[in-house]
Number of protein chains: 2
Amino acid sequence: MTKFSAIQARGGPTAFDEGASRRGGGRTRRANEARILEAAEAVFAEAGFTGASMQAIAERAGLPKANLHYYFGTKEGLYRALLARILDMWVDAFDHIVPARDPADALSAYISDKMHWSRTRPLASKVFANEIVHGAQQIEPYLSGKLRQTVKDKSVVIEGWIASGRMAPIDPAHLFFGLWALTQTYADFDVQVRAVLGRERLTDADHDHATRQVTALVLRGCGLADPADGKAAASVSNPPSL
Amino acid sequence: MTKFSAIQARGGPTAFDEGASRRGGGRTRRANEARILEAAEAVFAEAGFTGASMQAIAERAGLPKANLHYYFGTKEGLYRALLARILDMWVDAFDHIVPARDPADALSAYISDKMHWSRTRPLASKVFANEIVHGAQQIEPYLSGKLRQTVKDKSVVIEGWIASGRMAPIDPAHLFFGLWALTQTYADFDVQVRAVLGRERLTDADHDHATRQVTALVLRGCGLADPADGKAAASVSNPPSL
DNA sequence: CGAAAACCTGACCAATTGGTCAAAATTTAT
DNA sequence: ATAAATTTTGACCAATTGGTCAGGTTTTCG
C-alpha cells in the first residue's frame, strides 16, 4: 500500500482483502497470481500490450484462459497489476542519492543498481519501456506524481553537491534522464547491443564491462574522476575477449 | 538501392520499377505511398506493430483499407517499407566521425544530429525503438550487418583519437550505445521527460538545453572539456525557465 | 480514338480477439 | 459433516483482425 501497488484492481471475489492474508487462505491465489504475472511479463515484453494475447499468457502459465480472467478480471487489469509490481522496484535505486554520501560513490552505486536491474529483470524493463514509448497511458499518474517528486527531491541533493564544488555543474533532471537511458538500454535494446558486439548472449563479464564503461563515462562527465586513482580510465583496458 | 531501401518488397503491379521512374508515371503511386507511410509511422509509433490496425492507418491516410493493400501487399510489407525509410536516416550521423576532425567537434556534431532527429522525427524514433525492444525480427540483418560494420569502422577512428591522447580511453562500441541511448531517450521516452519536467510540450529551448546537457556530459566524460573554455560548464546555468 | 495499364474500393471471409457464464470441483470454516 | 466460500474450466459470443477479389474508374500512350 505504501508503494505503488495501489494501482491494482483485481477482479476475483477476494479482490479487497489486500494485505489481510487470512490464516492460510489466499495461498492458492497468491501462488497463481505470481505464476500468471511471470508469464504475463514475458509475453507483454515480447509482444507489447496489444500484441500479447490472454491465450498466449495462459498457455505460458499453464492455466486455462478463463482462470486469468478470474484473478485479474480483464487484460488491462492484469497489465496494470504487472506494471505496479515493476514500478515498486523502479524507485529503489534512488536511495543511494543522499547528501551525506560521496557523489562518486552514490552515482556509482546508482548505476550499479540500475545495470543490475537491466541484467536480472530485462523483461520487466522492456514492459516498462514499451508502456512509456506508447504514451504511458497507464502509468502517467505515477510519472507526473511520485517520480516527478522524487526527481525534485534528489535534484536538491545533486545541486547541493554542485554548489559545494564536489561535482561539475549539470542539470540534475537531465542527469537522471541520462542515467536511466544509459543503463536501461542494455535491457531494452539488448538485441542491438548483441548484434553490434557480435555476441549471441551477453555474459556476466560483458555486463560488468558495460557497467564499468557507463560508470566511467558518467563519473568523468560529472567531473568525479579521481586523477590520482586510475580506476575510471583503466577500466577500458580489458574488455572481455575481443 | 545504395542504402537500406533494399528491404522493401511492395505488392502492387509496379513493384519492381524501383528507381526507374518512367517519365511521369508512378507519380500517383509515389504520392500515395508517402501519404500512407506517414500515416503508418504515426499509428505504428502509437500502438506498436500488432496494436496498429490497417483500418486505423487507412483512416489516418484518408484512404480505403484495400488501397493500402494495393500498394504494400501486407501489413508486414508496409511495416518493412516504413522501417527501410527510417533506417536510411539512421546511419547518416556517423559521417561526422572521421579521423581528421577534432574529437570534440565530431562528437558534438554527432550528438546535435541525433538530438535533432529526436526532435523532428520522434515518431520514426519510436517505431525504431519498438522494433528493437520486441526483438528486431525485421531489422536484425541490418543490425548485425551494416550497423555492426559501421560501428567497427568508426571504432577504429575513436581508438585512433584515444591512442594519440586526444581523448580519454573508452570502449568505442559502448560509447556509441551511450550516445544512442542519451539522444533517443528524448524521443522515445518523451512522455517521461515531460512528466518529470512538468511540461505539457517540450519547446525548442527545452531541446537546446537538453542537447547542451548531453553534450557537456559526453564531452567531459570523454575528457574533452576544454578547461580554458567554459562552454561545457557554463551550459547548465540557464535552463529555459524553471 | 482506343486499348492497355494502372488505380480504386465496397463487399466479403476465415481466424483470432477479449470477455462471459453456468456448472462443477475443491477448499475452508463451523 | 455440511454449508459456505473459493477456485476451476469448457463452451460460447460479439467484435475486430488482416487479407481477398471482382468489377469498376482513371490515366497513359501509341
# chains A, B, ... in the order shown; residues from 1 in each chain; ligands from 1

call {"tool": "select_by_dssp", "arguments": {"residues": "range 23-136 of chain A", "states": "alpha helix (DSSP H)", "output": "PyMOL selection string"}}
result
chain A and resi 27-51+54-61+65-72+75-90+103-120+122-133

call {"tool": "interface_residues", "arguments": {"of": "chain C", "to": "chain A", "cutoff": "10 Å", "atoms": "only C-alpha atoms (C1' of nucleotides)", "output": "NGL selection string"}}
result
:C and (16-20 or 27-28)

call {"tool": "residues_around", "arguments": {"residues": "range 132-138 of chain B", "least_positions_apart": "6", "cutoff": "6 Å", "atoms": "only C-alpha atoms (C1' of nucleotides)", "output": "number ranges by chain"}}
result
A: 46, 188-189

call {"tool": "write_last_selection", "arguments": {"atoms": "C-alpha atoms", "output": "mmCIF file, in the first residue's frame"}}
result
data_model
loop_
_atom_site.group_PDB
_atom_site.id
_atom_site.type_symbol
_atom_site.label_atom_id
_atom_site.label_comp_id
_atom_site.auth_asym_id
_atom_site.auth_seq_id
_atom_site.Cartn_x
_atom_site.Cartn_y
_atom_site.Cartn_z
ATOM 1 C CA GLU A 46 7.840 -9.869 -26.273
ATOM 2 C CA ASP A 188 15.567 -2.719 -23.726
ATOM 3 C CA PHE A 189 17.895 -2.691 -26.715
#

call {"tool": "atom_distance", "arguments": {"atom1": "CA of Tyr70 in chain A", "atom2": "CA of Phe44 in chain A"}}
result
19.1 Å

call {"tool": "closest_atom_pairs", "arguments": {"of": "chain D", "to": "chain A", "cutoff": "9 Å", "atoms": "only C-alpha atoms (C1' of nucleotides)", "output": "JSON lines"}}
result
{"residue": "D:DT6", "atom": "C1'", "partner": "A:Pro13", "partner_atom": "CA", "distance": 8.1}
{"residue": "D:DT7", "atom": "C1'", "partner": "A:Tyr70", "partner_atom": "CA", "distance": 8.8}
{"residue": "D:DT8", "atom": "C1'", "partner": "A:Asn67", "partner_atom": "CA", "distance": 7.0}
{"residue": "D:DT9", "atom": "C1'", "partner": "A:Ala66", "partner_atom": "CA", "distance": 6.9}

call {"tool": "write_last_selection", "arguments": {"atoms": "C-alpha atoms (C1' of nucleotides)", "output": "PDB file, in the first residue's frame"}}
result
ATOM      1  C1'  DT D   6     -13.497 -20.115  -3.296  1.00  0.00           C
ATOM      2  C1'  DT D   7     -11.468 -21.941  -7.384  1.00  0.00           C
ATOM      3  C1'  DT D   8     -11.616 -24.188 -11.955  1.00  0.00           C
ATOM      4  C1'  DT D   9     -12.902 -24.650 -16.712  1.00  0.00           C
TER       5       DT D   9
END

call {"tool": "interface_residues", "arguments": {"of": "chain A", "to": "chain B", "cutoff": "7 Å", "atoms": "only C-alpha atoms", "output": "ChimeraX atom specification"}}
result
/A:45-47,50-51,126,132-136,143-144,147-148,169-171,174,178,181-182,185,188-189,191-192,195-196,198,210,213,217-218,220-222,233,236

call {"tool": "residues_around", "arguments": {"residues": "range 84-100 of chain B", "least_positions_apart": "6", "cutoff": "10 Å", "atoms": "only C-alpha atoms (C1' of nucleotides)", "output": "PDB file with N, CA and C atoms, in the first residue's frame"}}
result
ATOM      1  N   THR B   2      21.481   2.036 -52.946  1.00  0.00           N
ATOM      2  CA  THR B   2      22.758   2.031 -52.248  1.00  0.00           C
ATOM      3  C   THR B   2      22.600   1.946 -50.738  1.00  0.00           C
ATOM      4  N   LYS B   3      21.452   2.404 -50.279  1.00  0.00           N
ATOM      5  CA  LYS B   3      21.263   2.387 -48.839  1.00  0.00           C
ATOM      6  C   LYS B   3      20.451   1.158 -48.436  1.00  0.00           C
ATOM      7  N   PHE B   4      19.517   1.348 -47.516  1.00  0.00           N
ATOM      8  CA  PHE B   4      18.850   0.186 -46.956  1.00  0.00           C
ATOM      9  C   PHE B   4      17.502  -0.106 -47.584  1.00  0.00           C
ATOM     10  N   SER B   5      17.124   0.711 -48.543  1.00  0.00           N
ATOM     11  CA  SER B   5      15.815   0.572 -49.161  1.00  0.00           C
ATOM     12  C   SER B   5      15.605  -0.815 -49.758  1.00  0.00           C
ATOM     13  N   ALA B   6      16.661  -1.563 -49.874  1.00  0.00           N
ATOM     14  CA  ALA B   6      16.578  -2.889 -50.486  1.00  0.00           C
ATOM     15  C   ALA B   6      15.630  -3.814 -49.741  1.00  0.00           C
ATOM     16  N   ILE B   7      15.321  -3.450 -48.492  1.00  0.00           N
ATOM     17  CA  ILE B   7      14.392  -4.276 -47.726  1.00  0.00           C
ATOM     18  C   ILE B   7      13.017  -4.311 -48.370  1.00  0.00           C
ATOM     19  N   GLN B   8      12.641  -3.177 -48.920  1.00  0.00           N
ATOM     20  CA  GLN B   8      11.286  -3.027 -49.433  1.00  0.00           C
ATOM     21  C   GLN B   8      10.863  -4.167 -50.346  1.00  0.00           C
ATOM     22  N   LEU B  37       2.700   5.971 -45.803  1.00  0.00           N
ATOM     23  CA  LEU B  37       3.829   5.754 -44.899  1.00  0.00           C
ATOM     24  C   LEU B  37       3.795   6.729 -43.730  1.00  0.00           C
ATOM     25  N   GLU B  41       3.534   5.568 -39.954  1.00  0.00           N
ATOM     26  CA  GLU B  41       4.531   5.940 -38.948  1.00  0.00           C
ATOM     27  C   GLU B  41       3.857   6.375 -37.654  1.00  0.00           C
ATOM     28  N   LEU B  78       4.066  -3.219 -45.472  1.00  0.00           N
ATOM     29  CA  LEU B  78       4.016  -1.789 -45.165  1.00  0.00           C
ATOM     30  C   LEU B  78       4.992  -1.454 -44.046  1.00  0.00           C
ATOM     31  N   ALA B 106      33.570  16.542 -33.541  1.00  0.00           N
ATOM     32  CA  ALA B 106      32.896  15.401 -34.143  1.00  0.00           C
ATOM     33  C   ALA B 106      31.785  14.880 -33.243  1.00  0.00           C
ATOM     34  N   LEU B 107      32.108  14.683 -31.965  1.00  0.00           N
ATOM     35  CA  LEU B 107      31.093  14.154 -31.051  1.00  0.00           C
ATOM     36  C   LEU B 107      29.960  15.156 -30.852  1.00  0.00           C
ATOM     37  N   SER B 108      30.298  16.433 -30.759  1.00  0.00           N
ATOM     38  CA  SER B 108      29.253  17.456 -30.625  1.00  0.00           C
ATOM     39  C   SER B 108      28.304  17.417 -31.816  1.00  0.00           C
ATOM     40  N   ALA B 109      28.888  17.330 -33.001  1.00  0.00           N
ATOM     41  CA  ALA B 109      28.067  17.305 -34.207  1.00  0.00           C
ATOM     42  C   ALA B 109      27.197  16.056 -34.241  1.00  0.00           C
ATOM     43  N   TYR B 110      27.787  14.927 -33.845  1.00  0.00           N
ATOM     44  CA  TYR B 110      27.029  13.669 -33.818  1.00  0.00           C
ATOM     45  C   TYR B 110      25.834  13.796 -32.878  1.00  0.00           C
ATOM     46  N   ILE B 111      26.098  14.319 -31.689  1.00  0.00           N
ATOM     47  CA  ILE B 111      25.022  14.480 -30.704  1.00  0.00           C
ATOM     48  C   ILE B 111      23.959  15.446 -31.218  1.00  0.00           C
ATOM     49  N   SER B 112      24.411  16.540 -31.798  1.00  0.00           N
ATOM     50  CA  SER B 112      23.448  17.514 -32.333  1.00  0.00           C
ATOM     51  C   SER B 112      22.549  16.881 -33.387  1.00  0.00           C
ATOM     52  N   ASP B 113      23.154  16.128 -34.288  1.00  0.00           N
ATOM     53  CA  ASP B 113      22.376  15.466 -35.331  1.00  0.00           C
ATOM     54  C   ASP B 113      21.335  14.528 -34.740  1.00  0.00           C
ATOM     55  N   LYS B 114      21.789  13.699 -33.809  1.00  0.00           N
ATOM     56  CA  LYS B 114      20.877  12.715 -33.214  1.00  0.00           C
ATOM     57  C   LYS B 114      19.783  13.401 -32.405  1.00  0.00           C
ATOM     58  N   TRP B 117      17.328  14.782 -34.757  1.00  0.00           N
ATOM     59  CA  TRP B 117      16.487  13.715 -35.283  1.00  0.00           C
ATOM     60  C   TRP B 117      15.378  13.375 -34.278  1.00  0.00           C
ATOM     61  N   ARG B 121      11.805  14.003 -35.761  1.00  0.00           N
ATOM     62  CA  ARG B 121      11.172  12.746 -36.174  1.00  0.00           C
ATOM     63  C   ARG B 121      10.933  11.802 -35.003  1.00  0.00           C
ATOM     64  N   LEU B 123       8.370  10.220 -34.051  1.00  0.00           N
ATOM     65  CA  LEU B 123       7.575   9.038 -34.372  1.00  0.00           C
ATOM     66  C   LEU B 123       8.439   7.959 -35.015  1.00  0.00           C
ATOM     67  N   ALA B 124       9.310   8.367 -35.918  1.00  0.00           N
ATOM     68  CA  ALA B 124      10.220   7.412 -36.541  1.00  0.00           C
ATOM     69  C   ALA B 124      11.085   6.745 -35.485  1.00  0.00           C
ATOM     70  N   SER B 125      11.571   7.553 -34.558  1.00  0.00           N
ATOM     71  CA  SER B 125      12.404   7.004 -33.494  1.00  0.00           C
ATOM     72  C   SER B 125      11.643   5.976 -32.665  1.00  0.00           C
ATOM     73  N   VAL B 127       9.061   4.119 -33.648  1.00  0.00           N
ATOM     74  CA  VAL B 127       8.862   2.899 -34.431  1.00  0.00           C
ATOM     75  C   VAL B 127      10.125   2.041 -34.362  1.00  0.00           C
ATOM     76  N   PHE B 128      11.257   2.703 -34.523  1.00  0.00           N
ATOM     77  CA  PHE B 128      12.537   2.009 -34.455  1.00  0.00           C
ATOM     78  C   PHE B 128      12.741   1.381 -33.070  1.00  0.00           C
ATOM     79  N   GLN B 138      12.453  -7.839 -37.827  1.00  0.00           N
ATOM     80  CA  GLN B 138      12.548  -7.384 -39.212  1.00  0.00           C
ATOM     81  C   GLN B 138      13.926  -6.834 -39.555  1.00  0.00           C
ATOM     82  N   ILE B 139      14.586  -6.162 -38.602  1.00  0.00           N
ATOM     83  CA  ILE B 139      15.813  -5.460 -38.948  1.00  0.00           C
ATOM     84  C   ILE B 139      17.065  -6.094 -38.354  1.00  0.00           C
ATOM     85  N   TYR B 142      20.027  -5.990 -40.594  1.00  0.00           N
ATOM     86  CA  TYR B 142      20.649  -4.673 -40.652  1.00  0.00           C
ATOM     87  C   TYR B 142      21.557  -4.446 -39.452  1.00  0.00           C
ATOM     88  N   LYS B 146      25.094  -4.135 -41.617  1.00  0.00           N
ATOM     89  CA  LYS B 146      25.600  -2.792 -41.877  1.00  0.00           C
ATOM     90  C   LYS B 146      25.940  -2.008 -40.606  1.00  0.00           C
ATOM     91  N   LEU B 147      25.046  -2.051 -39.623  1.00  0.00           N
ATOM     92  CA  LEU B 147      25.293  -1.273 -38.412  1.00  0.00           C
ATOM     93  C   LEU B 147      26.546  -1.760 -37.684  1.00  0.00           C
ATOM     94  N   THR B 150      29.573  -0.629 -39.540  1.00  0.00           N
ATOM     95  CA  THR B 150      29.788   0.810 -39.375  1.00  0.00           C
ATOM     96  C   THR B 150      30.399   1.105 -38.008  1.00  0.00           C
ATOM     97  N   VAL B 151      29.864   0.467 -36.988  1.00  0.00           N
ATOM     98  CA  VAL B 151      30.404   0.683 -35.644  1.00  0.00           C
ATOM     99  C   VAL B 151      31.864   0.235 -35.594  1.00  0.00           C
ATOM    100  N   ASP B 153      34.008   0.219 -38.062  1.00  0.00           N
ATOM    101  CA  ASP B 153      34.806   1.227 -38.773  1.00  0.00           C
ATOM    102  C   ASP B 153      35.024   2.468 -37.921  1.00  0.00           C
ATOM    103  N   LYS B 154      33.932   2.967 -37.351  1.00  0.00           N
ATOM    104  CA  LYS B 154      34.025   4.203 -36.592  1.00  0.00           C
ATOM    105  C   LYS B 154      34.770   3.990 -35.279  1.00  0.00           C
ATOM    106  N   SER B 155      34.760   2.760 -34.785  1.00  0.00           N
ATOM    107  CA  SER B 155      35.503   2.466 -33.563  1.00  0.00           C
ATOM    108  C   SER B 155      36.999   2.640 -33.790  1.00  0.00           C
ATOM    109  N   VAL B 156      37.426   2.314 -34.988  1.00  0.00           N
ATOM    110  CA  VAL B 156      38.838   2.494 -35.330  1.00  0.00           C
ATOM    111  C   VAL B 156      39.216   3.970 -35.212  1.00  0.00           C
ATOM    112  N   VAL B 157      38.334   4.818 -35.715  1.00  0.00           N
ATOM    113  CA  VAL B 157      38.578   6.257 -35.634  1.00  0.00           C
ATOM    114  C   VAL B 157      38.724   6.685 -34.175  1.00  0.00           C
ATOM    115  N   ILE B 158      37.785   6.252 -33.372  1.00  0.00           N
ATOM    116  CA  ILE B 158      37.795   6.654 -31.961  1.00  0.00           C
ATOM    117  C   ILE B 158      39.030   6.107 -31.254  1.00  0.00           C
ATOM    118  N   GLU B 159      39.356   4.858 -31.542  1.00  0.00           N
ATOM    119  CA  GLU B 159      40.554   4.289 -30.930  1.00  0.00           C
ATOM    120  C   GLU B 159      41.805   5.060 -31.353  1.00  0.00           C
ATOM    121  N   GLY B 160      41.764   5.581 -32.574  1.00  0.00           N
ATOM    122  CA  GLY B 160      42.859   6.427 -33.028  1.00  0.00           C
ATOM    123  C   GLY B 160      42.981   7.681 -32.180  1.00  0.00           C
ATOM    124  N   TRP B 161      41.851   8.311 -31.937  1.00  0.00           N
ATOM    125  CA  TRP B 161      41.849   9.513 -31.101  1.00  0.00           C
ATOM    126  C   TRP B 161      42.387   9.199 -29.712  1.00  0.00           C
TER     127      TRP B 161
END
